[in-house]
Amino acid sequence: MLYLSTRGHPDRKHFCEILLEGLAPDGGLYLPERYPQVDAATLAKWRGLPYADLAFEILSLYIDDIPAADLRAICRKTYTQEVFGTREIVPLKKLEEGVYLEGLSNGPTLAFKDMAMQLLGNLFEYELGRRGEELNILGATSGDTGSAAEYAMRGKKGVRVFMTSPHGRMSPFQQAQMFSLQDANIHNLAVEGVFDDCQDIVKAVSNDLEFKRKYRIGTVNSINWARLVAQVVYYFAGYFQAAKANGEKVSFAVPSGNFGNICAGHVARSMGLPIAQLVLATNENDVLDEFFRTGVYRVRGSADTYETSSPSMDISKASNFERFVFDLLGRDGAKVRSLFAEELPARGRFDLSGDIARARSQYGFVSGRSSHADRLATIRSTFERFGTLIDTHTADGLKVAREHLQPGTPMIVLETALPIKFAATIVEALGREPERPARFAGIEALPKRVTVLPADAARVKQFIAAHCA
Ligand SMILES: *Cc1c(COP(=O)(O)O)cnc(C)c1O
């Protein structure tokens, strides 16, 4: 299996070559040359496999440069009951006839990003060990991504993490999760500024090519193909739990921000998994809902990006969206390049209203948006009717899912975080604190390991240089 760039670059690469890379050389995103097709016999074989073995089967279709025995061992080491809390790994919970929640947030940091990041940590350690190389991961986080990356990379050989976050702006729980890690290879950098300052620092450091090469700077952001392919697995696992027989169709509702999670659903559907609809849910930051309703993709500036109570979906520009546009436009790299490298930077928008009907008819996409009031109402009614407490992002997904129910087609809402991560809104909705898993009892009181730095790329570089032995 070879990988190409969405912007038409002629190079073709193997999985392990793109594993440690970010963007393709022409600024595009990597995708496989084709989507392997899964037929009825394969579905029958996969139904009933333990999650780790299902992951191995799916990943093997995309990875031809890791020996099968090693890849299987990596999957089995990653997806364990010990790390993810249940034997199913992604247990399905029925809310009512035809409406299910798929639990993707029972990993170490209680958000779905663990599903992919835990695998990435083991793949990085394996590949770096094989090459005898080291990698220094530099990132910016406002919460979920940073903690998922740190818990995935802690104690891994050959990897150091330097994670910037806006000083004093994450929730006390999120700060405690990250800053209580005592592993020598994890470095928390609290930057005196906002999240955008952190991102600017990461960009400035990455643009210093000499520094980047000398200190082997890499990233783990959501455009990484390995993260995306890891997420394909739970669409299959959810399908097997909700559909009684292979061939039956199900729909998925996905709380979306950077379009990474739902892009994995698009890949699963393109492989032949019987998915009726992919229901994309946004919060008040509705760039993607606007696109799927009108065909116009109009990115927002930071002044028009709202801070909401589902903060992990507060994005103004969806970094994975280019992958879907590439498929929608018949994999025309030249066209994608002109849209994303020319039209979007120049005009802040592009118009695919002529193609948008096919996004629905051929690719199954529908969408909707949810507001703070919707989240409160959905959290409240879900708790009152079913005794189930959901987080704010999952509430956005469930609210929009209900607008697209089709009789006879099960709807699986992806649960992307646990309510404890966003306790303030739960209290606002229900007047009570969400339950906290026992292993997080009292983490706010643990000693913190964090360095406060000014919003200055030079100071961050100094810190990295001083901590790379
Ligand atoms: C990251 C995140 C999302 C958005 O996922 P994308 O892949 O960026 O679309 C939704 N909910 C939670 C809790 C998240 O952490």
# chains A, B, ... in the order shown; residues from 1 in each chain; ligands from 1

call {"tool": "residues_around", "arguments": {"residues": "Asp64 in chain A", "least_positions_apart": "4", "cutoff": "10 Å", "atoms": "only C-alpha atoms", "output": "list in words"}}
result
Met1, Leu2, His14, Phe15, Cys16, Leu59, Ser60, Ala68 and Leu71 of chain A

call {"tool": "residues_around", "arguments": {"residues": "range 129-144 of chain A", "least_positions_apart": "3", "cutoff": "6 Å", "atoms": "only C-alpha atoms", "output": "list in words"}}
result
Glu125, Tyr126, Ser147, Gly158, Val159, Arg160, Val161, Phe162, Met163, Thr164, Ser165, Cys198, Gln199, Arg216, Ile217, Gly218 and Thr219 of chain A

call {"tool": "closest_residue", "arguments": {"among": "A:Leu20, A:Leu376, A:Leu54, A:Ile420", "to": "ligand 1", "atoms": "only C-alpha atoms and all ligand atoms"}}
result
A:Ile420

call {"tool": "closest_residue", "arguments": {"among": "A:Ala401, A:Ala40, A:Ala341, A:Val427", "to": "Arg369 in chain A", "atoms": "only C-alpha atoms"}}
result
A:Ala401

call {"tool": "closest_atom_pairs", "arguments": {"of": "chain A", "to": "ligand 1", "cutoff": "6 Å", "atoms": "only C-alpha atoms and all ligand atoms", "output": "CSV"}}
result
residue,atom,partner,partner_atom_place_in_ligand_line,distance
A:Ala111,CA,ligand 1,13 (C),5.4
A:Asp144,CA,ligand 1,15 (O),5.0
A:Pro255,CA,ligand 1,10 (C),5.1
A:Ser256,CA,ligand 1,9 (O),3.5
A:Gly257,CA,ligand 1,9 (O),3.6
A:Asn258,CA,ligand 1,8 (O),3.4
A:Phe259,CA,ligand 1,9 (O),3.8
A:Gly260,CA,ligand 1,7 (O),3.4
A:Asn261,CA,ligand 1,7 (O),3.8
A:Ser312,CA,ligand 1,14 (C),4.7
A:Met313,CA,ligand 1,4 (C),5.2
A:His393,CA,ligand 1,11 (N),5.1
A:Thr416,CA,ligand 1,13 (C),4.4
A:Ala417,CA,ligand 1,13 (C),4.4

call {"tool": "write_last_selection", "arguments": {"atoms": "C-alpha atoms", "output": "short mmCIF file (atom, residue, chain, number, x, y, z; two decimals), in the first residue's frame"}}
result
data_model
loop_
_atom_site.label_atom_id
_atom_site.label_comp_id
_atom_site.auth_asym_id
_atom_site.auth_seq_id
_atom_site.Cartn_x
_atom_site.Cartn_y
_atom_site.Cartn_z
CA ALA A 111 -11.48 11.37 25.63
CA ASP A 144 -7.62 16.92 25.14
CA PRO A 255 -19.20 15.50 17.29
CA SER A 256 -16.73 17.23 14.98
CA GLY A 257 -14.01 19.86 15.06
CA ASN A 258 -10.98 19.15 12.90
CA PHE A 259 -12.86 16.51 10.86
CA GLY A 260 -10.46 13.75 12.00
CA ASN A 261 -12.96 11.48 13.70
CA SER A 312 -12.70 20.62 21.78
CA MET A 313 -14.92 21.51 18.82
CA HIS A 393 -19.49 17.14 23.00
CA THR A 416 -16.03 11.52 22.58
CA ALA A 417 -15.37 12.42 26.23
#

call {"tool": "residues_around", "arguments": {"residues": "Glu415 in chain A", "least_positions_apart": "2", "cutoff": "6 Å", "atoms": "only C-alpha atoms", "output": "VMD selection string"}}
result
chain A and resid 102 to 104 394 417

call {"tool": "residues_around", "arguments": {"residues": "Glu17 in chain A", "least_positions_apart": "4", "cutoff": "10 Å", "atoms": "only C-alpha atoms", "output": "list in words"}}
result
Tyr3, Arg12, Lys13, Glu21, Asp65 and Glu127 of chain A

call {"tool": "write_last_selection", "arguments": {"atoms": "all heavy atoms", "output": "PDB file, in the first residue's frame"}}
result
ATOM      1  N   TYR A   3       1.169   5.642  -0.289  1.00  0.00           N
ATOM      2  CA  TYR A   3       0.444   6.859   0.080  1.00  0.00           C
ATOM      3  C   TYR A   3       0.799   8.013  -0.843  1.00  0.00           C
ATOM      4  O   TYR A   3       1.944   8.148  -1.271  1.00  0.00           O
ATOM      5  CB  TYR A   3       0.761   7.221   1.542  1.00  0.00           C
ATOM      6  CG  TYR A   3       0.137   6.205   2.466  1.00  0.00           C
ATOM      7  CD1 TYR A   3       0.797   5.017   2.761  1.00  0.00           C
ATOM      8  CD2 TYR A   3      -1.143   6.387   2.964  1.00  0.00           C
ATOM      9  CE1 TYR A   3       0.204   4.042   3.550  1.00  0.00           C
ATOM     10  CE2 TYR A   3      -1.740   5.422   3.759  1.00  0.00           C
ATOM     11  CZ  TYR A   3      -1.065   4.264   4.045  1.00  0.00           C
ATOM     12  OH  TYR A   3      -1.665   3.301   4.817  1.00  0.00           O
ATOM     13  N   ARG A  12       5.364   8.694  -4.004  1.00  0.00           N
ATOM     14  CA  ARG A  12       4.533   7.703  -3.325  1.00  0.00           C
ATOM     15  C   ARG A  12       5.352   7.128  -2.182  1.00  0.00           C
ATOM     16  O   ARG A  12       6.526   6.829  -2.366  1.00  0.00           O
ATOM     17  CB  ARG A  12       4.126   6.579  -4.294  1.00  0.00           C
ATOM     18  CG  ARG A  12       3.249   7.048  -5.449  1.00  0.00           C
ATOM     19  CD  ARG A  12       1.879   7.476  -4.968  1.00  0.00           C
ATOM     20  NE  ARG A  12       1.007   7.916  -6.062  1.00  0.00           N
ATOM     21  CZ  ARG A  12       0.936   9.173  -6.504  1.00  0.00           C
ATOM     22  NH1 ARG A  12       1.699  10.111  -5.969  1.00  0.00           N
ATOM     23  NH2 ARG A  12       0.128   9.502  -7.491  1.00  0.00           N
ATOM     24  N   LYS A  13       4.722   6.973  -1.003  1.00  0.00           N
ATOM     25  CA  LYS A  13       5.484   6.529   0.160  1.00  0.00           C
ATOM     26  C   LYS A  13       4.822   5.369   0.883  1.00  0.00           C
ATOM     27  O   LYS A  13       3.616   5.172   0.767  1.00  0.00           O
ATOM     28  CB  LYS A  13       5.648   7.697   1.130  1.00  0.00           C
ATOM     29  CG  LYS A  13       6.484   8.812   0.553  1.00  0.00           C
ATOM     30  CD  LYS A  13       6.832   9.852   1.591  1.00  0.00           C
ATOM     31  CE  LYS A  13       7.835  10.825   0.979  1.00  0.00           C
ATOM     32  NZ  LYS A  13       8.083  11.967   1.843  1.00  0.00           N
ATOM     33  N   GLU A  21       6.180  11.798   9.779  1.00  0.00           N
ATOM     34  CA  GLU A  21       6.113  13.059   9.043  1.00  0.00           C
ATOM     35  C   GLU A  21       4.784  13.752   9.304  1.00  0.00           C
ATOM     36  O   GLU A  21       3.811  13.118   9.660  1.00  0.00           O
ATOM     37  CB  GLU A  21       6.163  12.772   7.533  1.00  0.00           C
ATOM     38  CG  GLU A  21       7.524  12.919   6.918  1.00  0.00           C
ATOM     39  CD  GLU A  21       7.454  12.659   5.423  1.00  0.00           C
ATOM     40  OE1 GLU A  21       6.624  13.275   4.741  1.00  0.00           O
ATOM     41  OE2 GLU A  21       8.236  11.814   4.953  1.00  0.00           O
ATOM     42  N   ASP A  65       4.921  -2.375   5.724  1.00  0.00           N
ATOM     43  CA  ASP A  65       6.342  -2.334   6.062  1.00  0.00           C
ATOM     44  C   ASP A  65       6.608  -2.545   7.559  1.00  0.00           C
ATOM     45  O   ASP A  65       7.607  -2.081   8.087  1.00  0.00           O
ATOM     46  CB  ASP A  65       7.002  -1.052   5.526  1.00  0.00           C
ATOM     47  CG  ASP A  65       6.252   0.220   5.900  1.00  0.00           C
ATOM     48  OD1 ASP A  65       5.154   0.132   6.487  1.00  0.00           O
ATOM     49  OD2 ASP A  65       6.760   1.315   5.590  1.00  0.00           O
ATOM     50  N   GLU A 127       9.117   2.130  15.663  1.00  0.00           N
ATOM     51  CA  GLU A 127       9.806   2.598  14.468  1.00  0.00           C
ATOM     52  C   GLU A 127      11.093   3.345  14.816  1.00  0.00           C
ATOM     53  O   GLU A 127      12.119   3.177  14.147  1.00  0.00           O
ATOM     54  CB  GLU A 127       8.858   3.473  13.635  1.00  0.00           C
ATOM     55  CG  GLU A 127       9.420   3.977  12.322  1.00  0.00           C
ATOM     56  CD  GLU A 127       9.856   2.870  11.361  1.00  0.00           C
ATOM     57  OE1 GLU A 127       9.443   1.707  11.530  1.00  0.00           O
ATOM     58  OE2 GLU A 127      10.650   3.182  10.439  1.00  0.00           O
TER      59      GLU A 127
END

call {"tool": "closest_residue", "arguments": {"among": "A:Arg358, A:Pro166, A:Gln177, A:Pro447", "to": "Asp200 in chain A", "atoms": "only C-alpha atoms"}}
result
A:Pro166

call {"tool": "atom_distance", "arguments": {"atom1": "CA of Asp286 in chain A", "atom2": "CA of Leu398 in chain A"}}
result
16.1 Å

call {"tool": "select_by_dssp", "arguments": {"residues": "range 83-169 of chain A", "states": "helix (DSSP H, G or I)", "output": "PyMOL selection string"}}
result
chain A and resi 83-84+113-131+144-153
